[in-house]
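Student: My file is work.cif. It has mmCIF, C-alpha atoms and all ligand atoms:
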```
data_coords
loop_
_atom_site.label_atom_id
_atom_site.label_comp_id
_atom_site.auth_asym_id
_atom_site.auth_seq_id
_atom_site.Cartn_x
_atom_site.Cartn_y
_atom_site.Cartn_z
CA MET C 134 120.50 86.80 -9.27
CA ILE C 135 120.16 87.07 -5.48
CA GLU C 136 116.44 86.40 -5.81
CA SER C 137 116.98 83.20 -7.80
CA ARG C 138 119.58 81.94 -5.23
CA GLY C 139 116.99 82.58 -2.53
CA LEU C 140 114.38 80.60 -4.43
CA GLU C 141 116.84 77.76 -4.96
CA LEU C 142 117.57 77.64 -1.24
CA LEU C 143 113.88 77.64 -0.44
CA ASN C 144 113.35 74.70 -2.81
CA VAL C 145 116.19 72.75 -1.20
CA LEU C 146 114.77 73.44 2.27
CA ASP C 147 111.32 72.46 1.11
CA ALA C 148 112.64 69.17 -0.29
CA GLU C 149 114.52 68.45 2.97
CA ILE C 150 111.45 69.12 5.12
CA HIS C 151 109.41 66.91 2.81
CA ASP C 152 112.00 64.09 3.11
CA LEU C 153 112.05 64.38 6.90
CA ALA C 154 108.26 64.30 7.13
CA LYS C 155 108.20 61.29 4.81
CA ARG C 156 110.82 59.51 6.93
CA ARG C 157 108.87 60.19 10.12
CA LYS C 158 105.68 58.84 8.50
CA THR C 159 107.53 55.69 7.37
CA ILE C 160 108.81 55.25 10.94
CA GLU C 161 105.33 55.77 12.41
CA LEU C 162 103.71 53.32 10.02
CA GLY C 163 106.35 50.61 10.43
CA LEU C 164 106.95 50.63 14.19
CA ALA C 165 104.15 48.29 15.30
CA LYS C 166 105.20 45.69 12.73
CA GLY C 167 108.85 46.32 13.58
CA ILE C 168 108.24 45.41 17.24
CA GLU C 169 106.12 42.36 16.37
CA SER C 170 108.43 40.96 13.73
CA ASN C 171 111.66 41.24 15.64
CA GLU C 172 113.20 44.08 13.69
CA LEU C 173 114.38 45.65 16.96
CA VAL C 174 117.80 44.74 18.29
CA LEU C 175 119.66 45.56 21.48
CA ASP C 176 123.19 46.83 21.77
CA PHE C 177 124.91 46.66 25.14
CA GLN C 178 127.42 49.12 26.54
CA PRO C 179 129.71 47.95 29.37
CA ILE C 180 129.87 49.84 32.67
CA GLU C 181 133.03 49.99 34.77
CA ASP C 182 133.11 49.85 38.57
CA LEU C 183 135.84 52.31 39.50
CA LYS C 184 136.54 50.69 42.85
CA THR C 185 137.65 47.46 41.20
CA GLY C 186 138.41 48.56 37.64
CA ARG C 187 136.18 45.72 36.46
CA ILE C 188 133.10 45.65 34.25
CA CYS C 189 130.14 45.32 36.60
CA GLY C 190 127.14 45.89 34.35
CA LEU C 191 125.67 46.90 31.02
CA GLU C 192 123.17 49.34 29.57
CA ALA C 193 120.78 47.95 26.96
CA LEU C 194 120.20 50.41 24.10
CA VAL C 195 117.57 49.65 21.49
CA ARG C 196 118.07 49.97 17.72
CA TRP C 197 115.77 49.20 14.82
CA THR C 198 116.77 47.58 11.57
CA HIS C 199 114.08 48.98 9.30
CA PRO C 200 113.49 47.02 6.05
CA GLU C 201 113.77 50.19 3.90
CA LEU C 202 115.57 52.76 6.04
CA GLY C 203 118.20 50.48 7.54
CA ARG C 204 119.50 50.98 11.06
CA ILE C 205 117.61 53.64 13.03
CA MET C 206 118.74 55.02 16.38
CA PRO C 207 116.39 55.41 19.38
CA SER C 208 116.46 59.22 19.20
CA GLU C 209 114.36 58.85 16.03
CA PHE C 210 111.78 56.31 17.14
CA ILE C 211 111.38 56.35 20.95
CA GLY C 212 109.42 59.63 20.68
CA VAL C 213 107.22 58.08 17.99
CA ALA C 214 106.62 55.03 20.21
CA GLU C 215 105.70 57.30 23.13
CA ASP C 216 103.29 59.39 21.04
CA SER C 217 101.61 56.42 19.37
CA GLY C 218 101.06 54.28 22.48
CA LEU C 219 103.56 51.64 21.30
CA ILE C 220 106.02 52.36 24.11
CA ASP C 221 104.51 49.67 26.38
CA ALA C 222 105.02 46.98 23.75
CA LEU C 223 108.50 48.27 22.93
CA GLY C 224 109.45 48.50 26.62
CA ASP C 225 108.18 44.97 27.30
CA TRP C 226 110.26 43.68 24.42
CA VAL C 227 113.37 45.46 25.77
CA ILE C 228 112.92 43.96 29.26
CA GLU C 229 112.27 40.46 27.93
CA SER C 230 115.11 40.55 25.46
CA SER C 231 117.61 42.06 27.96
CA SER C 232 116.68 39.45 30.57
CA LYS C 233 117.25 36.59 28.12
CA LYS C 234 120.61 38.01 27.04
CA VAL C 235 121.73 38.55 30.65
CA LEU C 236 120.85 34.95 31.48
CA GLU C 237 122.89 33.84 28.47
CA LEU C 238 125.86 35.84 29.81
CA HIS C 239 125.44 34.37 33.31
CA GLN C 240 125.45 30.89 31.84
CA GLN C 241 128.82 31.70 30.29
CA GLY C 242 130.21 32.96 33.57
CA HIS C 243 129.76 36.71 33.03
CA MET C 244 127.77 37.76 36.10
CA LEU C 245 126.73 41.24 34.96
CA TRP C 246 123.56 43.23 35.67
CA CYS C 247 121.81 45.18 32.94
CA ALA C 248 120.14 48.60 32.98
CA VAL C 249 117.11 49.21 30.76
CA ASN C 250 115.71 52.64 29.88
CA CYS C 251 112.13 53.39 30.81
CA SER C 252 109.78 56.01 29.38
CA ALA C 253 107.26 57.96 31.45
CA GLY C 254 104.33 56.18 29.79
CA GLN C 255 105.56 52.79 30.94
CA LEU C 256 105.83 53.91 34.56
CA LEU C 257 102.37 55.43 34.51
CA ASN C 258 100.83 52.08 33.62
CA PRO C 259 99.87 50.65 37.07
CA GLU C 260 100.53 47.12 35.86
CA PHE C 261 104.09 47.88 34.79
CA PRO C 262 106.07 46.78 37.90
CA ALA C 263 104.31 43.41 38.27
CA LYS C 264 104.47 42.77 34.52
CA ALA C 265 108.17 43.63 34.43
CA GLN C 266 108.87 41.25 37.30
CA GLN C 267 106.94 38.47 35.58
CA THR C 268 108.83 39.04 32.33
CA ILE C 269 112.21 38.95 34.10
CA ARG C 270 111.25 35.80 36.03
CA ASN C 271 109.89 34.08 32.93
CA ALA C 272 113.28 34.59 31.36
CA GLY C 273 114.77 32.70 34.32
CA LEU C 274 116.37 35.71 36.00
CA ASP C 275 116.02 37.44 39.37
CA SER C 276 114.88 41.11 39.34
CA LYS C 277 118.09 42.21 41.06
CA TRP C 278 119.94 41.76 37.75
CA ILE C 279 117.79 44.36 35.95
CA GLU C 280 118.22 48.06 36.78
CA PHE C 281 115.65 50.61 35.56
CA GLU C 282 116.75 54.00 34.24
CA VAL C 283 114.31 56.90 34.30
CA THR C 284 114.83 60.49 33.25
CA GLU C 285 113.67 63.53 35.16
CA SER C 286 111.23 64.30 32.38
CA ALA C 287 109.64 60.88 32.95
CA ALA C 288 108.85 61.92 36.49
CA ILE C 289 107.42 65.29 35.57
CA ASP C 290 104.20 63.87 34.13
CA ASP C 291 102.85 62.45 37.39
CA MET C 292 105.10 62.41 40.43
CA THR C 293 102.82 60.36 42.68
CA ARG C 294 102.35 57.53 40.20
CA THR C 295 106.01 57.57 39.19
CA VAL C 296 107.16 57.31 42.82
CA ASP C 297 104.68 54.49 43.38
CA ALA C 298 105.95 52.53 40.36
CA LEU C 299 109.60 53.04 41.31
CA LYS C 300 108.97 51.91 44.90
CA LYS C 301 107.40 48.72 43.59
CA LEU C 302 110.31 48.05 41.23
CA LYS C 303 112.72 48.58 44.12
CA ALA C 304 110.72 46.29 46.42
CA GLN C 305 111.01 43.62 43.72
CA GLY C 306 114.80 43.86 43.99
CA SER C 307 115.75 46.14 41.08
CA GLN C 308 117.88 49.25 41.42
CA ILE C 309 116.66 52.57 40.05
CA ALA C 310 118.91 55.04 38.25
CA MET C 311 118.14 58.63 37.41
CA ASP C 312 119.42 59.08 33.86
CA ASP C 313 120.77 62.28 32.26
CA PHE C 314 120.94 64.02 35.63
CA GLY C 315 121.37 67.76 35.30
CA THR C 316 119.56 68.23 32.00
CA GLY C 317 116.04 68.62 33.43
CA TYR C 318 114.88 71.84 35.00
CA ALA C 319 114.11 70.61 38.51
CA SER C 320 116.83 68.06 39.15
CA LEU C 321 117.30 68.63 42.86
CA ASN C 322 113.61 68.49 43.60
CA TYR C 323 113.35 65.15 41.77
CA LEU C 324 116.34 63.83 43.62
CA ARG C 325 114.57 64.63 46.87
CA GLN C 326 111.34 62.91 45.91
CA LEU C 327 112.25 59.93 43.75
CA PRO C 328 113.38 56.65 45.34
CA VAL C 329 116.57 56.28 43.31
CA ASP C 330 119.77 54.34 44.04
CA VAL C 331 122.00 55.61 41.25
CA LEU C 332 122.55 59.04 39.77
CA LYS C 333 123.82 59.15 36.19
CA ILE C 334 125.56 62.44 35.45
CA ASP C 335 124.70 63.53 31.93
CA LYS C 336 127.41 63.34 29.30
CA SER C 337 127.13 67.06 28.53
CA PHE C 338 128.85 67.81 31.87
CA VAL C 339 131.51 65.15 31.34
CA MET C 340 132.30 66.47 27.86
CA ASP C 341 133.41 69.87 29.22
CA LEU C 342 134.94 68.56 32.42
CA LEU C 343 138.56 69.38 31.65
CA GLU C 344 138.07 72.57 29.64
CA ASP C 345 135.38 74.30 31.66
CA LYS C 346 135.97 75.15 35.31
CA ASN C 347 132.25 75.47 36.00
CA SER C 348 131.46 72.00 34.60
CA HIS C 349 134.25 70.61 36.76
CA MET C 350 132.86 72.27 39.89
CA ILE C 351 129.30 71.17 39.08
CA VAL C 352 130.36 67.54 38.62
CA LYS C 353 132.36 67.58 41.86
CA ALA C 354 129.43 69.13 43.75
CA VAL C 355 126.96 66.62 42.26
CA ILE C 356 129.21 63.69 43.24
CA ASP C 357 129.53 64.98 46.82
CA LEU C 358 125.81 65.69 47.09
CA ALA C 359 124.87 62.27 45.71
CA HIS C 360 127.26 60.54 48.11
CA ALA C 361 125.83 62.53 51.02
CA LEU C 362 122.42 61.17 50.00
CA GLY C 363 123.80 57.63 49.90
CA LEU C 364 123.58 57.31 46.12
CA ILE C 365 125.91 55.57 43.67
CA VAL C 366 127.35 58.07 41.17
CA HIS C 367 127.62 56.99 37.55
CA ALA C 368 129.15 59.20 34.84
CA GLU C 369 128.30 58.68 31.18
CA GLY C 370 129.97 59.85 28.00
CA ILE C 371 133.61 59.25 29.02
CA GLU C 372 135.66 59.56 25.87
CA THR C 373 139.22 60.12 27.13
CA ALA C 374 141.63 58.72 29.72
CA ALA C 375 141.96 62.23 31.19
CA GLN C 376 138.19 62.48 31.81
CA ARG C 377 138.24 59.06 33.46
CA GLU C 378 141.19 60.04 35.67
CA SER C 379 139.50 63.27 36.71
CA LEU C 380 136.29 61.42 37.66
CA ILE C 381 138.28 58.88 39.68
CA GLN C 382 139.90 61.79 41.57
CA MET C 383 136.47 63.20 42.32
CA GLY C 384 135.26 59.91 43.78
CA CYS C 385 132.85 58.80 41.01
CA ASP C 386 131.69 55.17 41.42
CA ARG C 387 130.89 53.99 37.89
CA LEU C 388 131.81 54.94 34.34
CA GLN C 389 130.41 54.36 30.89
CA GLY C 390 131.63 55.74 27.57
CA TYR C 391 133.34 55.33 24.23
CA TRP C 392 136.72 55.50 26.03
CA PHE C 393 136.57 51.81 26.77
CA SER C 394 133.66 50.68 24.67
CA ARG C 395 130.87 51.77 22.37
CA PRO C 396 127.55 49.94 22.64
CA MET C 397 127.81 46.59 20.77
CA ASP C 398 125.73 43.55 19.87
CA MET C 399 125.72 40.54 22.17
CA ASP C 400 128.20 38.46 20.12
CA SER C 401 130.71 41.33 20.01
CA LEU C 402 130.19 41.92 23.74
CA LYS C 403 130.95 38.28 24.57
CA ASN C 404 134.14 38.42 22.48
CA TRP C 405 135.09 41.73 24.11
CA LEU C 406 134.55 40.35 27.61
CA ASN C 407 136.59 37.25 26.83
CA GLU C 408 139.39 39.20 25.14
CA THR C 409 139.76 42.00 27.68
CA GLY C 410 139.18 39.72 30.67
CA ARG C 411 137.93 42.78 32.53
CA GLN C 412 135.05 41.10 34.21
P1 LIG V 1 120.82 57.32 27.39
O1 LIG V 1 119.99 56.34 28.15
O2 LIG V 1 121.35 58.48 28.12
O3 LIG V 1 121.97 56.44 26.72
C1 LIG V 1 123.27 56.87 26.53
C2 LIG V 1 123.49 57.34 25.11
O4 LIG V 1 124.80 57.91 25.03
C3 LIG V 1 123.44 56.22 24.10
O5 LIG V 1 122.94 56.77 22.88
C4 LIG V 1 124.92 55.86 23.95
O6 LIG V 1 125.24 55.25 22.72
C5 LIG V 1 125.54 57.23 24.05
N1 LIG V 1 126.93 57.19 24.54
C6 LIG V 1 127.52 56.27 25.33
N2 LIG V 1 128.80 56.57 25.58
C7 LIG V 1 129.04 57.74 24.93
C8 LIG V 1 130.20 58.58 24.79
O7 LIG V 1 131.28 58.32 25.31
N3 LIG V 1 130.05 59.71 24.04
C9 LIG V 1 128.87 60.04 23.44
N4 LIG V 1 128.81 61.16 22.73
N5 LIG V 1 127.76 59.27 23.55
C10 LIG V 1 127.85 58.13 24.27
P2 LIG V 1 121.78 56.01 22.05
O8 LIG V 1 122.01 54.54 22.04
O9 LIG V 1 121.65 56.72 20.74
O10 LIG V 1 120.50 56.28 22.93
C11 LIG V 1 119.95 57.56 23.04
C12 LIG V 1 118.84 57.60 24.04
O11 LIG V 1 117.70 56.84 23.59
C13 LIG V 1 119.20 56.97 25.39
O12 LIG V 1 119.97 57.88 26.14
C14 LIG V 1 117.82 56.72 25.97
O13 LIG V 1 117.29 57.90 26.55
C15 LIG V 1 117.01 56.37 24.73
N6 LIG V 1 116.85 54.90 24.66
C16 LIG V 1 117.73 53.97 24.24
N7 LIG V 1 117.21 52.72 24.36
C17 LIG V 1 115.97 52.88 24.92
C18 LIG V 1 114.93 51.97 25.33
O14 LIG V 1 115.04 50.74 25.23
N8 LIG V 1 113.80 52.53 25.86
C19 LIG V 1 113.66 53.90 26.02
N9 LIG V 1 112.52 54.35 26.55
N10 LIG V 1 114.62 54.76 25.65
C20 LIG V 1 115.76 54.27 25.11
MG MG V 2 120.11 55.44 29.87
MG MG V 3 121.90 59.18 29.79
#
```
What do you get writing this file as structure tokens?
Tutor:
Amino acid sequence: MIESRGLELLNVLDAEIHDLAKRRKTIELGLAKGIESNELVLDFQPIEDLKTGRICGLEALVRWTHPELGRIMPSEFIGVAEDSGLIDALGDWVIESSSKKVLELHQQGHMLWCAVNCSAGQLLNPEFPAKAQQTIRNAGLDSKWIEFEVTESAAIDDMTRTVDALKKLKAQGSQIAMDDFGTGYASLNYLRQLPVDVLKIDKSFVMDLLEDKNSHMIVKAVIDLAHALGLIVHAEGIETAAQRESLIQMGCDRLQGYWFSRPMDMDSLKNWLNETGRQ
């Protein structure tokens, strides 16, 4: 009896692994076509400036509407794009598309900047900064309206080339944010070496802020340290009014999270901005 239950479980596991592998293969095979044929879409999540209480910017987050699998989140396909060399094409599309959407917003009176996420592979391509600038300009926008977000892991691969790329992006007028701060294993060292303007505290710290004394102390220390270094502090993953209040008390500069808005498509964002009048 026990043996047959064990076998049953093994069969279920086997089927699940098989399904996952099949899904990953489908994603791998479809990604190039997905990028070319406009199956990617961007959602935008508003960012609040805590000094004014107004929406000051957005983060562009890519999604893929796959013809068979439906909507796929970036956690499933960014890794595939990085491994298969498609990240350059995907990243170019994100910059171009974000720039066009930001211009559209400006034309309607919403003067917001937009942050785009960057993978290590993009930064290691020596042509990336100039190409990014060209793409932003071709869309009719100035580089100062596009912020680039990099993670610590992006910098690990090749510090010299990463620093070089970030310096160029900065010289072109963009701001640089270090994303998911605190989750890498050498955060402080990266902070010392990378030319960043903004530090984004990872949502895992924010989540425990009110329940866990240590998380609270870490967030407070990170905010003070970042301010001492002249950086803007941005907290992500704010889901409650109490978390927001606590971050305001600690002197955080910017907030992003489900508390005031989930990421949404451009039409919903425009309606949201007009309805809330928070910009
Ligand atoms: P990220 O850059 O740290 O983006 C923030 C993620 O947190 C987003 O997940 C967002 O939907 C989610 N989030 C925002 N507010 C809250 C909240 O209050 N609570 C919780 N639990 N989550 C919240 P998403 O859209 O699934 O993106 C996941 C990651 O995929 C991003 O993390 C980023 O690293 C990567 N990614 C997204 N778009 C791109 C892109 O265009 N290029 C690259 N290279 N990576 C991207
Ligand atoms: Mg990000
Ligand atoms: Mg993040």
Student: Kindly indicate which residue among C:Trp278, C:Glu372, C:Ile150, C:Cys385 lies nearest to C:His360, using only C-alpha atoms for the distances.
Tutor: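 When distances to C:His360 are compared using only C-alpha atoms, the smallest one comes from C:Cys385.
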Student: For the contact check between chain C and ligand MG 2 (chain V), emit one row per residue of chain C within 10 Å, containing the shortest atom pair and the distance in Å rounded to one decimal, counting only C-alpha atoms and all ligand atoms, chain then rising number order, as a Markdown table.
Tutor:
```
| residue | atom | partner | partner_atom | distance |
| --- | --- | --- | --- | --- |
| C:Glu192 | CA | V:MG2 | MG | 6.8 |
| C:Ala193 | CA | V:MG2 | MG | 8.1 |
| C:Leu194 | CA | V:MG2 | MG | 7.7 |
| C:Ala248 | CA | V:MG2 | MG | 7.5 |
| C:Val249 | CA | V:MG2 | MG | 7.0 |
| C:Asn250 | CA | V:MG2 | MG | 5.2 |
| C:Cys251 | CA | V:MG2 | MG | 8.3 |
| C:Phe281 | CA | V:MG2 | MG | 8.7 |
| C:Glu282 | CA | V:MG2 | MG | 5.7 |
| C:Val283 | CA | V:MG2 | MG | 7.4 |
| C:Thr284 | CA | V:MG2 | MG | 8.1 |
| C:Ala310 | CA | V:MG2 | MG | 8.5 |
| C:Met311 | CA | V:MG2 | MG | 8.4 |
| C:Asp312 | CA | V:MG2 | MG | 5.4 |
| C:Asp313 | CA | V:MG2 | MG | 7.3 |
| C:Lys333 | CA | V:MG2 | MG | 8.2 |
| C:Asp335 | CA | V:MG2 | MG | 9.5 |
| C:Glu369 | CA | V:MG2 | MG | 8.9 |
```
Student: Find the residue from C:Ser320, C:Asn347, C:Ser379, C:Ser252 that sits nearest to C:Ala359; use all atoms listed in the file when measuring.
Tutor: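 Among C:Ser320, C:Asn347, C:Ser379, C:Ser252, it is C:Ser320 that comes nearest to C:Ala359.
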Student: From the list C:Asp182, C:Asp216, C:Glu285, C:Asp221, which residue is nearest ligand MG 3 (chain V) when using all atoms listed in the file?
Tutor: C:Glu285
Student: So the first atom is atom CA of C:Ile334 and the second is atom CA of C:Gly218; what is the distance between them in Å, to one decimal place?
Tutor: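 Atom-to-atom, atom CA of C:Ile334 to atom CA of C:Gly218, that is 28.9 Å.
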Student: Using all atoms listed in the file, which of the listed residues (C:Pro200, C:Pro328, C:Gly315, C:Gly273) sits closest to ligand LIG 1 (chain V)?
Tutor: C:Gly315
Student: Nearest residue to ligand MG 3 (chain V) out of C:Gln266, C:Ile381, C:Ser208, C:Glu408, using all atoms listed in the file?
Tutor: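 Of all the options, C:Ser208 lies closest to ligand MG 3 (chain V).
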Student: Within 9 Å of stretch 153-176 of chain C, which residues of stretch 216-333 of chain C show up? Give each one with its shortest atom-to-atom distance in Å (one decimal) and the two atoms involved, counting all atoms listed in the file, rows by chain then rising residue number, as a tab-separated table.
Tutor:
```
residue	atom	partner	partner_atom	distance
C:Ser217	CA	C:Glu161	CA	7.9
C:Leu219	CA	C:Ala165	CA	6.9
C:Ala222	CA	C:Ile168	CA	7.4
C:Leu223	CA	C:Ile168	CA	6.4
C:Trp226	CA	C:Ile168	CA	7.7
C:Val227	CA	C:Leu175	CA	7.6
C:Ser230	CA	C:Leu175	CA	7.9
C:Ser231	CA	C:Leu175	CA	7.6
```
Student: Work out how far atom CA of C:Cys247 is from atom C16 of ligand LIG 1 (chain V), in Å to one decimal.
Tutor: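 Here the two named atoms are 13.0 Å from each other.
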Student: Let me make sure I understand: among C:Met244, C:Ala265, C:Ala253, C:Ala214, which one has the smallest atom-to-atom distance to C:Arg294 if we use all atoms listed in the file?
Tutor: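 Among C:Met244, C:Ala265, C:Ala253, C:Ala214, it is C:Ala253 that comes nearest to C:Arg294.
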Student: Using Å and a single decimal, report how far atom CA of C:Leu406 sits from atom O9 of ligand LIG 1 (chain V).
Tutor: 21.9 Å
Student: Could you list, as a PyMOL selection string, every residue within 7 Å of C:Ile309, counting all atoms listed in the file and ignoring same-chain residues fewer than 5 positions away?
Tutor: chain C and resi 280-282+303+329-331
